[in-house]
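Have a look at the structure below before the remarks.
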Amino acid sequence: MRNKTNYVTTILLMLGSIFILFPVFITIVNAFKTPAETAQSILSLPSTWTFDNFKTAIEMTNFFNAFGNSAYVTFFTVILTILSNSLVAYAIARNLHRKAFKFLYFYLVSAMFVPFPIIMLPIVKQMSALGLMNLNGLIILYVVYGLAFNTFLYTGYVKTIPKELEEAAIVDGCSKWGVFWRIIFPILSPMNATVGILTALWAWNDFLLPLVVLSDQGDRTLPLVQYVFQSQFATNYNLAFASYLMALLPMLVVYLFLQKRIISGVTQGAIKS
Amino acid sequence: MMDKKNTRVYLMMVLPALILFFSFHTFPLMQGIFYSFTDYRGYGDWNFIGIENYINVFKDPRILNSYQFTFKFAIISTILVNIISLTIALGLNSKVKFHKTLRGIYFMPNILSILIVGFVFKFIFSVFIPEIGQSFGIEGLAKSILGDKDSAWIAIVIVGVWQAAALNVILYLSGLATIPEDLYEASGLDGASKWQQFRHVTFPLIAPFFTINMVLAMKNFLMVFDHVVALTGGGPGRSTQSISLLIYEDGFTGGQFALQSANAVIYFFVIVTISIIQIRFLQKREVQM
């Protein structure tokens, strides 16, 4: 019985997916329309597919600058997070039998429970005092704050790697650093991918941290730009939708190609927690 | 000898990260707690005032209002999101056509910026739906729900559920995948109805995933910020001002650095307590089932 295709469920699920896709659909069709067309009908397809809204939105929001900022922050956050957090977790995982390292493990992991608002006010003063109210400061915060969850993810994985592998390499004259970079790090690849995906989604879409940390207009990331221009968009929805679409599109395209990888990465990350 | 050298290498591996973590996480955390016992405004002089801020937190109508909204939002959204995503996951787990595509669509909200999606929803609630209401003469829809103190929170629930369901569906799906097929066949032979199957076979087996989803959803919803900023900005009035938004707004620009720090400390304890209670309670149920 369970081998027959369930058509009723299929249709119900398809109807449900309309609800999921609806905001994206509205964004796409209205990004190409003129205000007059939208006033006539919000749902209809544009009579001519014009890119005028995109041109105006790009100039108005300095889109490529914001895109560059988001890409810069996401790229370096992901690279630095994978390289540093895996190393820390490796050192901790191999010494968990020692009190100091065990303490360090719980110290980092327990930070997962600390809600950001409690550090938000002081960290902004501190970043300002350090002259770090910029993209690099933002990257530092992402890499450091990621430690809490990533130490947890990586440590669990490192524990499953047999120590004999390392011992053999050390006999061959490899240093501890060499052991990590040449042997352990490559074995960590699946976890590196998971951490990379979770970190990229976070850094690319995050709004609160850029909002409080970035002080310079030229540093604005994509979500921040949408927020800043929201009041100016209010009079022209089509311009707003063109801008939203450009901000959402990079992640949608990545998702289209890496869907399976992203879903499994996010799932693993969540289940381990 | 070898061991000592190794220890030094291990320490060098963790030390830079430890220093950075302390300076950018623990130190500001300690500062936040410290200032919650002062009358600091974010600038200028300050004095110790003991636990006065903590007393005032419970007297401040705006803070109480933000707790009321945040809890109402978080509880209702958590329940809805779990019912809806479990239903969708059960659907996707049965033999359906276009399984991969549908799964891909249902997960999509998880990868999008909730702020930007929130702006799109704002348009849907404030322009699209009222227009439909007007042209079809449905009075209930003709006015924007965002403009009404009593209904604006519903919009935030809808967007919150729209996004959070994505992750929960996938988690329930991976839970359902762990149930062996022959269990259904056995219970099917015993004449169990679909509902009985769900109640006595499926649900007990995915109970750990139910726990994860409840705790995860509740914790995330209690921190709600982006949804509110995009949809209502905390309004109308302060009817949808969440705790995070209040700490942000009044802490930075309202000159209430110290009071909002005390608020944040309490907020921290609230979140930890709720997570622990939920885990304890739900795990006990898991064992009983």
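Within each chain, counting starts at residue 1; across the structure tokens, chains are named A, B, ... in the order shown, with ligands numbered 1 upward in that order.
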
Q. Mind checking DSSP for range 6-181 of chain B and telling me the alpha helix (DSSP H) residues as an MDAnalysis selection string?
A. chainID B and resid 6:21 27:35 52:57 61:93 99:107 114:123 129:136 139:142 152:176 181

Sorted per-residue table, chain A near chain B, closest atoms and distance, 6 Å, only C-alpha atoms, as JSON lines:
```
{"residue": "A:Thr5", "atom": "CA", "partner": "B:Lys95", "partner_atom": "CA", "distance": 5.0}
{"residue": "A:Asn6", "atom": "CA", "partner": "B:Val96", "partner_atom": "CA", "distance": 5.3}
{"residue": "A:Thr9", "atom": "CA", "partner": "B:Gly91", "partner_atom": "CA", "distance": 6.0}
{"residue": "A:Thr10", "atom": "CA", "partner": "B:Val96", "partner_atom": "CA", "distance": 5.1}
{"residue": "A:Val88", "atom": "CA", "partner": "B:Val14", "partner_atom": "CA", "distance": 5.0}
{"residue": "A:Ala91", "atom": "CA", "partner": "B:Tyr10", "partner_atom": "CA", "distance": 5.3}
{"residue": "A:Ile118", "atom": "CA", "partner": "B:Ala264", "partner_atom": "CA", "distance": 4.8}
{"residue": "A:Ile119", "atom": "CA", "partner": "B:Leu29", "partner_atom": "CA", "distance": 5.0}
{"residue": "A:Pro122", "atom": "CA", "partner": "B:Pro28", "partner_atom": "CA", "distance": 5.2}
{"residue": "A:Ile123", "atom": "CA", "partner": "B:Pro28", "partner_atom": "CA", "distance": 5.5}
{"residue": "A:Val144", "atom": "CA", "partner": "B:Phe21", "partner_atom": "CA", "distance": 5.7}
{"residue": "A:Asn205", "atom": "CA", "partner": "B:Ser113", "partner_atom": "CA", "distance": 4.7}
```

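CA of Gly196 in chain A is found 24.7 Å from CA of Tyr244 in chain A.
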
What lies within 10 Å of Gln268 in chain A using only C-alpha atoms, ignoring chain neighbours under 6 positions off, as a PDB file with N, CA and C atoms, in the first residue's frame?
```pdb
ATOM      1  N   LEU A 153      30.550  21.353  17.600  1.00  0.00           N
ATOM      2  CA  LEU A 153      30.418  20.498  16.409  1.00  0.00           C
ATOM      3  C   LEU A 153      31.720  19.760  16.109  1.00  0.00           C
ATOM      4  N   MET A 191      32.792  18.030   8.132  1.00  0.00           N
ATOM      5  CA  MET A 191      32.418  18.994   9.169  1.00  0.00           C
ATOM      6  C   MET A 191      32.772  20.421   8.739  1.00  0.00           C
ATOM      7  N   THR A 194      29.927  21.588   6.684  1.00  0.00           N
ATOM      8  CA  THR A 194      28.775  21.938   7.511  1.00  0.00           C
ATOM      9  C   THR A 194      28.977  23.296   8.185  1.00  0.00           C
ATOM     10  N   VAL A 195      30.131  23.456   8.815  1.00  0.00           N
ATOM     11  CA  VAL A 195      30.418  24.721   9.497  1.00  0.00           C
ATOM     12  C   VAL A 195      30.446  25.863   8.489  1.00  0.00           C
ATOM     13  N   ILE A 262      23.463  21.989   1.183  1.00  0.00           N
ATOM     14  CA  ILE A 262      23.050  22.967   2.191  1.00  0.00           C
ATOM     15  C   ILE A 262      22.060  22.336   3.170  1.00  0.00           C
TER      16      ILE A 262
ATOM     17  N   LEU B 171      14.143  18.842   9.958  1.00  0.00           N
ATOM     18  CA  LEU B 171      14.525  18.071  11.148  1.00  0.00           C
ATOM     19  C   LEU B 171      13.541  16.927  11.394  1.00  0.00           C
ATOM     20  N   SER B 174      14.233  14.171   8.915  1.00  0.00           N
ATOM     21  CA  SER B 174      15.352  13.283   9.231  1.00  0.00           C
ATOM     22  C   SER B 174      14.990  12.381  10.401  1.00  0.00           C
TER      23      SER B 174
END
```

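When only C-alpha atoms are used to measure the gap to Phe76 in chain A, the shortest distance among A:Ser175, A:Gln126, A:Asn192, A:Thr199 belongs to A:Thr199.
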
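Comparing the minimum interatomic distances between Tyr90 in chain A and each of A:Leu141, A:Leu211, A:Val158, A:Leu252, counting only C-alpha atoms, we find that A:Val158 sits nearest.
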
Q) Which residues come within 12 Å of Phe180 in chain A, counting only C-alpha atoms, excluding same-chain residues fewer than 3 positions away, as an NGL selection string? A) (:A and (83-84 or 86-91 or 94 or 158 or 161 or 163 or 165-167 or 169-170 or 174-177 or 183-188)) or (:B and (9-10 or 13))

**Q.** Spatial neighbours of Lys122 in chain B, 12 Å, only C-alpha atoms, chain gap at least 5 places, as a PyMOL selection string
**A.** (chain A and resi 23+26-27+230+234+237+240-241) or (chain B and resi 114-117+127-130+144-147+152+155-156+158-159+227-233)

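Taking CA of Ser47 in chain A as the reference point, CA of Asn238 in chain A is found at 14.1 Å.
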